[in-house]
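Peer 1: Let me begin by handing over the structure; questions about it come next.
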Amino acid sequence: MTVLALEIGSSRFAAGRVADDVGDEDIREIPVPASGAWDRCRELLLEVAGGAEVTALGIASGGPIDMAAGVVAPAEVPEWRTGFGIVEAARKVFPSAAIRIALDGVCLALAERNFGATSTVMDALAINVSNRVIGGVTVGGFTVVGRTGNAGHIGHVLVPGFDDRCTCGGRGCLESVAGGMSAVRWARGQGWAGTSVPELVEGARVGEDIPAAALGRAGIALGRAIASVAALLDIDFVVLGGPLTEVGPALWKPLGEAVATHARLSFLPGLRVKPSQLGDIAILAGAGVLAATRSDT
Ligand SMILES: [Zn+2]
């Protein structure tokens, strides 16, 4: 019995065998292909399967998705922007496999609940901050999927005090401030000469003014969004991961201050925001949970 997990991320496609207890050595990844996306994805899956008969495949994809139709439309994959039927395509590769798909943020929440920091709480919010800001909500022990599969799009929660233009077409979304590429764009607008998220994070870590200011804005925006969501859903535990969160106090200090300033209702002072321990396998591990949950569909 071979169970596979696939991540369609904002910067990579990654796949792994769940039966091997997903570890770094079992994961294969490629940058998001500029063309031939499904061909490259199929090659990746076949490589990981290694000729075994695949019985289940879990797919975590960047949104938006249409869960019932098995269609994904992530902005980072040019050929798929108007929708790609990934479940049907995967079924042709693995005809006897049960194939399940969910939003990357939903898979993130599943991973934190099964292997991570939220395993002992019933009400939690999981967030990952990389190029995108993605999230998944667990309420009363159930991870919220939503009507079309898109619940948890915290990157597009509006943040008061910001008016940056967002890739979704709106303004002032969390991702337009705290998303990696947005933070890079803002820093460059302030005169910073770098071009990448790792450079920005490193600059902030060593105390360069503009990168530190960019991560400070991200922290404030995250803190405000977290306070809002915690009030809406009565959540007291937030787990936060992704490359931008590894910068240290430049992001965490303003984030903590924003949470303390805005999470004031009587049920919120205990609100905890903790770093994720799952590293960059979190979303893929959640896809594995998805695949292993049921095998009769
Ligand atoms: Zn937006």
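Note on naming: chains are A, B, ... as they come in the structure tokens, residues start from 1 per chain, ligands start from 1 in the order shown.
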Can you tell me, as a PyMOL selection string, what residues are no more than 7 Å from Cys173 of chain A when counting only C-alpha atoms, ignoring any on the same chain fewer than 6 positions away?

Peer 2: chain A and resi 155-159+166

Peer 1: Quick one: residues within 7 Å of Ala258 of chain A, only C-alpha atoms counted, chain neighbours fewer than 5 positions away excluded, as a ChimeraX atom specification?

Peer 2: /A:220,223-224

Peer 1: Based on DSSP run over this structure's backbone, return all residues of segment 62-292 of chain A in strand (DSSP E or B), as a ChimeraX atom specification.

Peer 2: /A:65-66,71-72,84-85,98-103,124-129,133-139,142-143,158,165,171,173,237-241,272-275

Peer 1: Go ahead and compute the interatomic distance for atom CA of Gly58 of chain A and atom CA of Thr138 of chain A, in Å to one decimal.

Peer 2: 19.1 Å

Peer 1: Do you have the atom CA of Glu79 of chain A-atom CA of Gly149 of chain A distance handy?

Peer 2: 21.2 Å

Peer 1: How many Å lie between atom CA of Leu200 of chain A and atom CA of Leu271 of chain A, rounded to one decimal?

Peer 2: 28.7 Å

Peer 1: Please identify all polymer residues within 7 Å of segment 272-287 of chain A, counting only C-alpha atoms, omitting same-chain residues fewer than 2 positions from it, and present them as an MDAnalysis selection string.

Peer 2: chainID A and resid 5:7 22 58:60 104 107:108 110:111 116:117 236:241 270 289:291

Peer 1: Grab the residues selected above and save them as a compact mmCIF listing (two decimals), in the first residue's frame with all heavy atoms.

Peer 2:
```txt
# COMPACT_ATOMS: atom_id res chain seq x y z
N ALA A 5 1.78 12.08 -1.02
CA ALA A 5 1.33 13.44 -0.73
C ALA A 5 1.95 14.38 -1.75
O ALA A 5 3.11 14.22 -2.13
CB ALA A 5 1.75 13.84 0.68
N LEU A 6 1.16 15.34 -2.21
CA LEU A 6 1.63 16.31 -3.20
C LEU A 6 1.30 17.72 -2.72
O LEU A 6 0.19 17.98 -2.26
CB LEU A 6 0.93 16.05 -4.55
CG LEU A 6 1.16 17.08 -5.66
CD1 LEU A 6 2.61 17.07 -6.13
CD2 LEU A 6 0.22 16.80 -6.85
N GLU A 7 2.28 18.61 -2.84
CA GLU A 7 2.06 20.02 -2.49
C GLU A 7 2.23 20.86 -3.74
O GLU A 7 3.28 20.84 -4.37
CB GLU A 7 3.10 20.45 -1.43
CG GLU A 7 3.06 21.95 -1.13
CD GLU A 7 4.23 22.38 -0.23
OE1 GLU A 7 4.88 21.52 0.39
OE2 GLU A 7 4.51 23.59 -0.19
N VAL A 22 6.97 10.59 6.12
CA VAL A 22 7.54 11.80 5.49
C VAL A 22 8.69 12.46 6.27
O VAL A 22 8.50 13.13 7.26
CB VAL A 22 6.43 12.85 5.28
CG1 VAL A 22 6.98 14.05 4.50
CG2 VAL A 22 5.26 12.24 4.52
N GLY A 58 -2.93 12.43 -1.59
CA GLY A 58 -3.48 13.66 -1.02
C GLY A 58 -2.81 14.85 -1.67
O GLY A 58 -1.58 14.89 -1.78
N ILE A 59 -3.62 15.82 -2.10
CA ILE A 59 -3.08 17.00 -2.78
C ILE A 59 -3.40 18.24 -1.97
O ILE A 59 -4.56 18.51 -1.66
CB ILE A 59 -3.70 17.15 -4.20
CG1 ILE A 59 -3.47 15.89 -5.03
CG2 ILE A 59 -3.12 18.38 -4.90
CD1 ILE A 59 -4.24 15.88 -6.36
N ALA A 60 -2.35 19.00 -1.62
CA ALA A 60 -2.52 20.31 -0.98
C ALA A 60 -2.19 21.36 -2.02
O ALA A 60 -1.08 21.37 -2.56
CB ALA A 60 -1.58 20.44 0.20
N ASP A 104 -4.12 24.42 0.65
CA ASP A 104 -2.86 24.27 1.40
C ASP A 104 -3.01 24.68 2.87
O ASP A 104 -2.44 24.05 3.76
CB ASP A 104 -1.71 25.04 0.73
CG ASP A 104 -2.05 26.46 0.36
OD1 ASP A 104 -3.14 26.96 0.73
OD2 ASP A 104 -1.21 27.11 -0.32
N CYS A 107 -4.57 21.92 4.82
CA CYS A 107 -3.57 20.87 5.07
C CYS A 107 -2.59 21.30 6.16
O CYS A 107 -2.16 20.48 6.98
CB CYS A 107 -2.83 20.54 3.77
SG CYS A 107 -3.88 19.68 2.58
N LEU A 108 -2.24 22.58 6.16
CA LEU A 108 -1.37 23.10 7.23
C LEU A 108 -2.01 22.88 8.60
O LEU A 108 -1.36 22.40 9.54
CB LEU A 108 -1.15 24.59 6.98
CG LEU A 108 -0.27 25.34 7.96
CD1 LEU A 108 1.18 24.93 7.78
CD2 LEU A 108 -0.42 26.85 7.76
N LEU A 110 -4.28 20.66 9.37
CA LEU A 110 -4.31 19.21 9.63
C LEU A 110 -2.96 18.73 10.15
O LEU A 110 -2.88 17.91 11.08
CB LEU A 110 -4.66 18.44 8.35
CG LEU A 110 -6.10 18.54 7.85
CD1 LEU A 110 -6.23 17.85 6.49
CD2 LEU A 110 -7.07 17.93 8.85
N ALA A 111 -1.87 19.24 9.56
CA ALA A 111 -0.53 18.82 9.98
C ALA A 111 -0.24 19.28 11.40
O ALA A 111 0.27 18.51 12.22
CB ALA A 111 0.52 19.37 9.02
N GLY A 116 1.84 18.58 15.19
CA GLY A 116 2.46 19.82 15.64
C GLY A 116 1.90 20.38 16.93
O GLY A 116 1.38 19.65 17.79
N ALA A 117 1.97 21.70 17.00
CA ALA A 117 1.72 22.40 18.26
C ALA A 117 0.26 22.41 18.68
O ALA A 117 -0.04 22.64 19.85
CB ALA A 117 2.22 23.83 18.15
N ASP A 236 -7.67 30.53 21.07
CA ASP A 236 -6.65 30.99 22.02
C ASP A 236 -5.25 30.49 21.67
O ASP A 236 -4.31 30.72 22.42
CB ASP A 236 -7.01 30.62 23.46
CG ASP A 236 -6.84 29.14 23.72
OD1 ASP A 236 -6.76 28.37 22.75
OD2 ASP A 236 -6.77 28.75 24.90
N PHE A 237 -5.11 29.78 20.55
CA PHE A 237 -3.78 29.27 20.20
C PHE A 237 -3.54 29.45 18.70
O PHE A 237 -4.33 29.00 17.88
CB PHE A 237 -3.67 27.79 20.57
CG PHE A 237 -2.24 27.30 20.58
CD1 PHE A 237 -1.53 27.22 21.77
CD2 PHE A 237 -1.60 26.96 19.41
CE1 PHE A 237 -0.20 26.79 21.79
CE2 PHE A 237 -0.28 26.54 19.41
CZ PHE A 237 0.42 26.45 20.60
N VAL A 238 -2.44 30.13 18.39
CA VAL A 238 -2.07 30.37 16.99
C VAL A 238 -0.65 29.83 16.79
O VAL A 238 0.24 30.12 17.59
CB VAL A 238 -2.09 31.87 16.66
CG1 VAL A 238 -1.71 32.11 15.21
CG2 VAL A 238 -3.46 32.47 16.97
N VAL A 239 -0.47 29.04 15.75
CA VAL A 239 0.87 28.55 15.44
C VAL A 239 1.29 29.15 14.10
O VAL A 239 0.52 29.17 13.15
CB VAL A 239 0.93 27.00 15.45
CG1 VAL A 239 -0.02 26.37 14.45
CG2 VAL A 239 2.34 26.51 15.24
N LEU A 240 2.50 29.67 14.10
CA LEU A 240 2.95 30.51 12.98
C LEU A 240 4.28 29.98 12.46
O LEU A 240 5.23 29.82 13.22
CB LEU A 240 3.10 31.93 13.52
CG LEU A 240 3.39 33.09 12.61
CD1 LEU A 240 2.26 33.29 11.61
CD2 LEU A 240 3.57 34.36 13.44
N GLY A 241 4.34 29.69 11.15
CA GLY A 241 5.58 29.20 10.55
C GLY A 241 5.84 29.85 9.20
O GLY A 241 5.10 30.73 8.77
N GLY A 270 -5.38 35.40 27.13
CA GLY A 270 -4.52 34.21 27.14
C GLY A 270 -4.06 33.79 25.76
O GLY A 270 -3.41 32.76 25.62
N VAL A 289 -1.87 13.49 5.68
CA VAL A 289 -3.01 13.23 6.58
C VAL A 289 -4.28 13.08 5.76
O VAL A 289 -5.08 12.16 5.96
CB VAL A 289 -3.17 14.37 7.61
CG1 VAL A 289 -4.45 14.17 8.44
CG2 VAL A 289 -1.95 14.45 8.52
N LEU A 290 -4.45 13.98 4.82
CA LEU A 290 -5.63 13.97 3.94
C LEU A 290 -5.72 12.64 3.19
O LEU A 290 -6.78 12.02 3.13
CB LEU A 290 -5.47 15.13 2.94
CG LEU A 290 -6.65 15.56 2.12
CD1 LEU A 290 -7.70 16.18 3.02
CD2 LEU A 290 -6.17 16.58 1.08
N ALA A 291 -4.60 12.20 2.65
CA ALA A 291 -4.59 10.95 1.87
C ALA A 291 -4.90 9.76 2.75
O ALA A 291 -5.58 8.82 2.33
CB ALA A 291 -3.23 10.78 1.21
```

Peer 1: Taking only segment 98-187 of chain A into account, list the residues labelled alpha helix (DSSP H) by DSSP (computed from the backbone), as a list in words.

Peer 2: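 The residues of segment 98-187 of chain A classed as alpha helix (DSSP H) are Asp104, Gly105, Val106, Cys107, Leu108, Ala109, Leu110, Ala111, Glu112, Arg113, Asn114, Phe115, Leu174, Glu175, Ser176, Val177, Ala178, Gly180, Met181, Ser182, Ala183, Val184, Arg185, Trp186 and Ala187 of chain A.
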
Peer 1: Quick one: residues within 9 Å of Leu251 of chain A, only C-alpha atoms counted, chain neighbours fewer than 3 positions away excluded, as a VMD selection string?

Peer 2: chain A and resid 204 212 214 to 220 244 to 248 254 to 256

Peer 1: My list of candidates is A:Gly194, A:Gly172, A:Gly242, A:Pro269. Which is closest to Gly135 of chain A when distances are computed with only C-alpha atoms?

Peer 2: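 Among the listed residues, A:Gly242 lies closest to Gly135 of chain A.
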